[in-house]
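J.: My file is upload29.txt. It has compact mmCIF, C-alpha atoms:
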# COMPACT_ATOMS: atom_id res chain seq x y z
CA MET A 6 111.70 30.40 80.98
CA LYS A 7 113.58 33.51 82.10
CA ARG A 8 112.07 35.46 79.20
CA ARG A 9 108.56 34.35 80.24
CA ARG A 10 109.17 35.45 83.83
CA PHE A 11 110.50 38.77 82.59
CA LEU A 12 107.43 39.37 80.41
CA THR A 13 105.13 38.39 83.27
CA ALA A 14 106.91 40.78 85.65
CA LEU A 15 106.81 43.50 83.00
CA GLY A 16 103.09 42.97 82.52
CA VAL A 17 102.42 43.19 86.26
CA THR A 18 104.54 46.34 86.52
CA PHE A 19 102.68 47.93 83.61
CA ALA A 20 99.31 47.06 85.15
CA VAL A 21 100.35 48.56 88.49
CA LEU A 22 101.55 51.73 86.76
CA CYS A 23 98.24 52.00 84.89
CA VAL A 24 96.27 51.68 88.14
CA VAL A 25 98.50 54.21 89.92
CA GLY A 26 98.28 56.55 86.95
CA THR A 27 94.49 56.32 86.92
CA ILE A 28 94.30 57.04 90.66
CA VAL A 29 96.63 60.02 90.35
CA ALA A 30 94.76 61.38 87.33
CA THR A 31 91.45 61.02 89.17
CA LEU A 32 92.75 62.84 92.27
CA VAL A 33 94.31 65.62 90.20
CA THR A 34 91.14 66.04 88.18
CA ARG A 35 88.93 66.13 91.28
CA ASN A 36 91.15 68.78 92.82
CA ALA A 37 90.97 70.83 89.63
CA ARG A 38 87.19 70.44 89.50
CA SER A 39 86.76 71.66 93.07
CA GLY A 40 88.86 74.71 92.23
CA PHE A 41 86.38 75.80 89.55
CA GLU A 42 83.61 76.39 92.06
CA LYS A 43 84.99 79.83 92.98
CA TYR A 44 84.16 81.08 89.49
CA THR A 45 80.49 80.06 89.67
CA VAL A 46 78.24 82.79 91.00
CA ARG A 47 74.95 81.11 90.18
CA PRO A 48 74.12 77.39 90.23
CA ALA A 49 72.81 75.56 87.20
CA VAL A 50 69.17 76.36 86.47
CA THR A 51 66.56 73.84 85.47
CA GLN A 52 65.17 73.79 81.95
CA GLU A 53 61.80 74.93 83.28
CA ASP A 54 63.41 78.14 84.55
CA GLU A 55 64.71 79.05 81.13
CA THR A 56 62.87 80.68 78.24
CA SER A 57 62.92 78.25 75.33
CA ALA A 58 62.84 79.02 71.63
CA ASP A 59 63.05 77.12 68.37
CA SER A 60 65.56 79.48 66.77
CA PRO A 61 68.09 82.09 67.86
CA GLU A 62 66.54 84.77 65.63
CA GLY A 63 66.14 88.02 67.52
CA THR A 64 68.85 88.11 70.19
CA LYS A 65 67.43 88.59 73.68
CA THR A 66 68.90 90.55 76.54
CA LYS A 67 69.59 89.77 80.19
CA PRO A 68 70.99 91.89 83.01
CA ALA A 69 74.75 91.41 83.32
CA SER A 70 74.16 90.41 86.93
CA GLU A 71 72.53 87.19 85.68
CA ASN A 72 75.77 85.84 84.22
CA ALA A 73 76.36 82.59 86.10
CA ILE A 74 80.15 82.84 85.81
CA ASP A 75 82.49 85.34 87.43
CA PHE A 76 84.52 86.17 84.32
CA ARG A 77 86.26 89.09 85.99
CA THR A 78 87.99 86.71 88.41
CA LEU A 79 88.32 83.96 85.83
CA LEU A 80 90.16 86.10 83.27
CA LYS A 81 92.55 87.36 85.93
CA GLU A 82 93.54 83.73 86.48
CA SER A 83 93.91 82.95 82.77
CA GLU A 84 93.49 85.20 79.74
CA GLU A 85 93.07 82.12 77.52
CA VAL A 86 89.62 81.24 78.83
CA VAL A 87 87.22 81.90 75.94
CA ALA A 88 83.98 80.52 77.39
CA TRP A 89 82.39 78.36 80.06
CA LEU A 90 80.54 75.14 79.21
CA ARG A 91 77.69 73.83 81.36
CA ILE A 92 75.36 70.89 80.83
CA ASN A 93 72.57 70.87 83.37
CA GLY A 94 72.07 67.48 84.99
CA THR A 95 75.71 66.48 84.50
CA ALA A 96 79.10 67.23 86.02
CA VAL A 97 80.15 69.14 82.90
CA ASP A 98 80.75 72.65 84.25
CA TYR A 99 84.16 73.84 83.02
CA PRO A 100 86.06 76.67 81.38
CA VAL A 101 86.85 76.33 77.68
CA MET A 102 90.40 77.21 76.66
CA PHE A 103 92.15 78.36 73.48
CA HIS A 104 95.90 78.75 72.93
CA GLU A 105 96.78 80.50 69.71
CA GLY A 106 99.42 78.72 67.65
CA ASP A 107 99.21 75.33 69.39
CA ASN A 108 96.01 73.31 69.17
CA ASN A 109 97.41 70.64 71.50
CA TYR A 110 98.49 73.02 74.25
CA TYR A 111 95.61 72.20 76.62
CA LEU A 112 95.60 68.51 75.84
CA ARG A 113 97.68 67.92 78.99
CA ARG A 114 97.50 71.31 80.73
CA ASP A 115 95.03 72.83 83.15
CA MET A 116 93.64 76.32 82.68
CA TYR A 117 96.68 77.80 84.45
CA GLY A 118 99.10 76.20 81.99
CA HIS A 119 100.37 73.58 84.47
CA TYR A 120 100.78 69.93 83.45
CA SER A 121 97.61 67.94 84.02
CA ASN A 122 96.84 64.44 82.81
CA ALA A 123 93.18 65.46 82.68
CA GLY A 124 93.92 68.41 80.42
CA SER A 125 91.24 71.02 79.81
CA LEU A 126 88.27 71.53 77.53
CA PHE A 127 89.48 73.49 74.50
CA ILE A 128 88.76 74.67 70.98
CA GLU A 129 91.20 74.75 68.07
CA ASN A 130 92.23 77.53 65.71
CA TYR A 131 89.77 76.24 63.12
CA ASN A 132 87.14 78.06 65.18
CA GLU A 133 86.48 81.63 66.22
CA PRO A 134 86.59 81.94 70.03
CA ASP A 135 83.16 83.63 70.12
CA PHE A 136 81.44 80.48 68.74
CA THR A 137 80.02 82.27 65.69
CA ASP A 138 81.16 79.63 63.18
CA PRO A 139 78.60 77.31 61.55
CA VAL A 140 80.17 74.47 63.57
CA THR A 141 82.25 74.88 66.74
CA ILE A 142 83.95 71.88 68.33
CA ILE A 143 85.00 71.58 71.98
CA TYR A 144 87.44 68.77 72.76
CA GLY A 145 87.89 67.02 76.09
CA HIS A 146 89.30 63.79 77.52
CA HIS A 147 87.22 60.71 78.26
CA LEU A 148 88.36 60.08 81.85
CA GLY A 149 87.58 57.04 83.95
CA SER A 150 86.87 59.37 86.87
CA GLY A 151 83.90 60.75 84.95
CA GLU A 152 85.37 64.26 84.91
CA MET A 153 85.77 66.40 81.80
CA PHE A 154 83.92 64.47 79.05
CA GLY A 155 84.18 61.13 80.87
CA LYS A 156 80.40 60.71 81.19
CA LEU A 157 79.28 62.01 77.79
CA GLN A 158 78.97 58.59 76.20
CA ALA A 159 77.11 57.05 79.14
CA THR A 160 74.77 60.04 79.36
CA TYR A 161 73.87 60.43 75.70
CA THR A 162 73.58 56.80 74.65
CA ASN A 163 70.67 56.43 77.07
CA ALA A 164 67.40 57.76 75.65
CA GLN A 165 66.14 59.09 78.98
CA THR A 166 69.30 60.87 80.10
CA PHE A 167 69.74 62.15 76.54
CA LYS A 168 66.41 63.95 76.98
CA ASP A 169 67.12 65.02 80.58
CA CYS A 170 70.46 66.57 79.62
CA GLN A 171 69.49 67.95 76.24
CA GLU A 172 70.20 71.59 77.05
CA ILE A 173 73.75 72.91 76.83
CA ILE A 174 74.71 76.44 77.90
CA VAL A 175 77.88 78.26 76.90
CA TYR A 176 78.66 81.41 78.88
CA PHE A 177 80.81 84.35 77.82
CA SER A 178 81.57 87.58 79.62
CA GLU A 179 79.08 89.43 77.40
CA LYS A 180 76.55 86.75 76.34
CA GLU A 181 75.27 83.21 76.79
CA LEU A 182 74.33 80.65 74.15
CA HIS A 183 71.73 77.91 74.65
CA TYR A 184 71.81 74.74 72.56
CA LYS A 185 69.64 71.64 72.23
CA VAL A 186 71.32 68.29 71.62
CA PHE A 187 70.04 66.69 68.42
CA CYS A 188 72.31 63.64 68.28
CA ALA A 189 75.13 61.72 69.91
CA VAL A 190 77.08 59.40 67.62
CA PRO A 191 80.31 57.41 67.30
CA LEU A 192 82.53 58.64 64.45
CA ASP A 193 85.92 57.86 63.00
CA ASN A 194 88.83 60.04 64.09
CA SER A 195 89.08 62.16 60.94
CA HIS A 196 89.28 65.89 61.65
CA ILE A 197 85.78 67.25 61.07
CA LEU A 198 86.65 70.91 60.55
CA TYR A 199 89.70 70.18 58.42
CA TYR A 200 87.78 68.06 55.93
CA HIS A 201 84.47 69.95 55.86
CA ASN A 202 83.83 73.57 54.93
CA PHE A 203 80.55 74.17 56.74
CA ASN A 204 80.25 77.64 55.21
CA ASN A 205 79.26 75.78 52.03
CA GLU A 206 75.54 74.97 52.08
CA LEU A 207 75.91 71.70 50.17
CA VAL A 208 78.69 70.49 52.47
CA TYR A 209 76.74 71.51 55.58
CA THR A 210 73.49 69.85 54.48
CA ASP A 211 75.15 66.68 53.21
CA TYR A 212 77.19 66.23 56.37
CA PHE A 213 74.24 66.34 58.76
CA ASP A 214 72.10 64.23 56.44
CA GLN A 215 74.81 61.57 56.63
CA VAL A 216 75.04 61.89 60.42
CA PHE A 217 71.34 61.12 60.73
CA GLN A 218 71.85 57.99 58.63
CA ILE A 219 74.33 56.50 61.13
CA ARG A 220 73.10 53.19 62.50
CA SER A 221 74.66 52.17 65.80
CA LEU A 222 73.52 51.02 69.22
CA GLN A 223 75.56 53.96 70.54
CA ALA A 224 73.74 56.55 68.39
CA VAL A 225 70.73 58.58 69.61
CA PHE A 226 68.85 61.27 67.65
CA ASP A 227 66.21 63.94 68.05
CA GLU A 228 64.82 64.89 64.63
CA ASN A 229 63.05 67.92 66.14
CA TYR A 230 66.35 69.78 66.38
CA LYS A 231 68.05 68.61 63.20
CA PRO A 232 70.01 71.65 61.94
CA GLN A 233 69.36 73.41 58.66
CA TYR A 234 71.91 75.52 56.82
CA GLY A 235 72.28 78.76 58.73
CA ASP A 236 71.92 77.12 62.15
CA ARG A 237 74.96 77.22 64.41
CA VAL A 238 76.04 73.84 65.76
CA LEU A 239 78.14 72.94 68.79
CA MET A 240 79.95 69.61 68.93
CA LEU A 241 81.50 68.02 72.02
CA SER A 242 84.17 65.55 70.96
CA THR A 243 85.89 62.91 73.08
CA CYS A 244 87.38 59.42 72.77
CA TYR A 245 85.06 56.48 72.19
CA SER A 246 85.19 54.37 75.35
CA THR A 247 85.76 50.98 73.75
CA ASP A 248 87.98 52.13 70.89
CA TYR A 249 90.28 55.11 71.42
CA SER A 250 90.96 55.32 67.68
CA ARG A 251 87.40 56.58 67.26
CA ARG A 252 85.46 59.56 68.62
CA PHE A 253 82.16 59.99 70.41
CA VAL A 254 80.53 63.28 69.46
CA VAL A 255 77.54 65.06 70.96
CA MET A 256 75.96 67.60 68.58
CA ALA A 257 73.65 70.45 69.55
CA LYS A 258 71.88 73.28 67.69
CA LEU A 259 71.83 76.88 68.91
CA THR A 260 68.29 77.76 69.98
CA ASP A 261 68.72 80.90 72.08
CA GLU A 262 71.21 83.72 72.43
CA PHE A 263 71.21 86.27 75.26
CA VAL A 264 73.34 89.41 75.39
CA TYR A 265 74.04 90.91 78.79
CA SER A 266 72.94 94.51 79.11
So that I can check it, write out the structure of this file as structure tokens.

T.:
Amino acid sequence: MKRRRFLTALGVTFAVLCVVGTIVATLVTRNARSGFEKYTVRPAVTQEDETSADSPEGTKTKPASENAIDFRTLLKESEEVVAWLRINGTAVDYPVMFHEGDNNYYLRRDMYGHYSNAGSLFIENYNEPDFTDPVTIIYGHHLGSGEMFGKLQATYTNAQTFKDCQEIIVYFSEKELHYKVFCAVPLDNSHILYYHNFNNELVYTDYFDQVFQIRSLQAVFDENYKPQYGDRVLMLSTCYSTDYSRRFVVMAKLTDEFVYS
């Protein structure tokens, strides 16, 4: 009887701690999100305002003044910011971090290096920080507050919002990359870049052929943007909402590249 009461009390205590932890994480994340606004010099543009293209061949130029992010201020705050990720139509509008020698560094740290349950968006040392690899992966937490990658699964498992939020923009101090989402799928938690050499044409082609064969109610595809060998792909990886031992991954193909003049 005493043991049952103890377990009941322990369960209640754990539940309370989970609720408190969620509230704290949400407040911390919201505060961090509001702090990012000072680095944004231009708001998100609509897809109609952008020049579209089916391939990134022939890099285009833009005046440096059109860079939407104030990298001069941003890099003074943290030299480990490598890019800025924006998805029009969503709350995803964050710096992307990289810490050499420790792939988990930003798992529970904000861009300033302070502890944060929300962590940061980050890439690992399997990728070049200029996003020139065949496949680049950005990692982020699935948060109940909806911040970071908390809304990716809800957004991209709906056919309409998948289409509405199909454009992804990655900003750098000297260029910007535009991608089109071609699929959003649940995957196992095996490390994609560790187990696949995407510089190999057979590996690259076979991998994306298999992705397009995935059958799940949580999988959405756009065959029009299916990548071919030579295309650069961006993946956004987060926890799967109903099973944290799996991943939910949004994949997009590079369609435009602008260099600031």

J.: Provide the CA of Phe253 in chain A to CA of Tyr99 in chain A distance in Å, to one decimal place.

T.: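 Interatomic distance, CA of Phe253 in chain A to CA of Tyr99 in chain A: 18.8 Å.
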
J.: With a distance cut-off of 12 Å and all atoms listed in the file, select the neighbouring residues of His119 in chain A, excluding the residue or stretch itself and same-chain residues fewer than 5 positions from it, and output the selection as a list in words.

T.: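 Non-adjacent residues within range: Val33, Ala37, Ser83, Tyr110, Tyr111, Leu112, Arg113, Arg114, Gly124 and Ser125 of chain A.
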
J.: What's the separation between CA of Tyr265 in chain A and CA of Ala73 in chain A, in Å to one decimal place?

T.: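 Straight-line distance from CA of Tyr265 in chain A to CA of Ala73 in chain A works out to 11.3 Å.
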
J.: Just want the 12 Å neighbourhood of Ala224 in chain A, counted on only C-alpha atoms, with same-chain residues fewer than 5 positions away dropped. Output as a PDB file with C-alpha atoms, keeping the file's coordinate frame.

T.:
ATOM      1  CA  GLN A 158      78.970  58.590  76.200  1.00  0.00           C
ATOM      2  CA  ALA A 159      77.110  57.050  79.140  1.00  0.00           C
ATOM      3  CA  THR A 160      74.770  60.040  79.360  1.00  0.00           C
ATOM      4  CA  TYR A 161      73.870  60.430  75.700  1.00  0.00           C
ATOM      5  CA  THR A 162      73.580  56.800  74.650  1.00  0.00           C
ATOM      6  CA  ASN A 163      70.670  56.430  77.070  1.00  0.00           C
ATOM      7  CA  ALA A 164      67.400  57.760  75.650  1.00  0.00           C
ATOM      8  CA  PHE A 167      69.740  62.150  76.540  1.00  0.00           C
ATOM      9  CA  PHE A 187      70.040  66.690  68.420  1.00  0.00           C
ATOM     10  CA  CYS A 188      72.310  63.640  68.280  1.00  0.00           C
ATOM     11  CA  ALA A 189      75.130  61.720  69.910  1.00  0.00           C
ATOM     12  CA  VAL A 190      77.080  59.400  67.620  1.00  0.00           C
ATOM     13  CA  PRO A 191      80.310  57.410  67.300  1.00  0.00           C
ATOM     14  CA  LEU A 192      82.530  58.640  64.450  1.00  0.00           C
ATOM     15  CA  VAL A 216      75.040  61.890  60.420  1.00  0.00           C
ATOM     16  CA  PHE A 217      71.340  61.120  60.730  1.00  0.00           C
ATOM     17  CA  GLN A 218      71.850  57.990  58.630  1.00  0.00           C
ATOM     18  CA  ILE A 219      74.330  56.500  61.130  1.00  0.00           C
ATOM     19  CA  TYR A 245      85.060  56.480  72.190  1.00  0.00           C
ATOM     20  CA  PHE A 253      82.160  59.990  70.410  1.00  0.00           C
ATOM     21  CA  VAL A 254      80.530  63.280  69.460  1.00  0.00           C
ATOM     22  CA  VAL A 255      77.540  65.060  70.960  1.00  0.00           C
ATOM     23  CA  MET A 256      75.960  67.600  68.580  1.00  0.00           C
TER      24      MET A 256
END

J.: List as number ranges by chain the protein and nucleic acid residues near range 193-197 of chain A, meaning an atom at most 9 Å away when only C-alpha atoms are counted, but skip any in the same chain fewer than 4 places from it.

T.: A: 142, 201, 244, 249-253

J.: What does the distance from CA of Lys43 in chain A to CA of Thr66 in chain A come to in Å, to one decimal?

T.: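 Spanning CA of Lys43 in chain A to CA of Thr66 in chain A is a straight-line distance of 25.4 Å.
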
J.: Would you mind telling me which residue in A:Tyr144, A:Phe226, A:Phe177, A:Phe154 lies nearest to Val87 in chain A when using only C-alpha atoms?

T.: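 The shortest atom-to-atom distance to Val87 in chain A comes from A:Phe177.
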
J.: Nearest to Gln171 in chain A among A:Tyr230, A:Tyr199, A:Phe76, A:Phe213, with distances taken over all atoms listed in the file: which residue is it?

T.: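 Counting all atoms listed in the file, the residue closest to Gln171 in chain A is A:Tyr230.
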
J.: Can you list, as a list of chain:residue names, every protein, DNA or RNA residue that comes within 12 Å of Asp138 in chain A when you count all atoms listed in the file, leaving out same-chain residues fewer than 6 positions away?

T.: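 Final neighbour list, sorted by chain and number: A:Ile128, A:Asn130, A:Tyr131, A:Asn132, A:Leu198, A:Asn202, A:Phe203, A:Asn204, A:Asn205, A:Tyr209, A:Tyr234, A:Gly235, A:Asp236, A:Arg237, A:Val238, A:Leu239, A:Met240, A:Leu259.
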
J.: Using all atoms listed in the file, which protein or nucleic acid residues come within 8 Å of Val97 in chain A? Drop anything in the same chain fewer than 6 positions from it, and give the result as an MDAnalysis selection string.

T.: chainID A and resid 90:91 152:154

J.: Measuring between all atoms listed in the file, which one of A:Phe263, A:Tyr176, A:Tyr200, A:Phe103 shows the shortest distance to Pro134 in chain A?

T.: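 When distances to Pro134 in chain A are compared using all atoms listed in the file, the smallest one comes from A:Phe103.
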
J.: Taking (87.1, 60.1, 81.1) in the file's own coordinates, collect the residues within 9 Å, counting only C-alpha atoms, and hand them back as a PyMOL selection string.

T.: chain A and resi 123+145-157+243-244+246
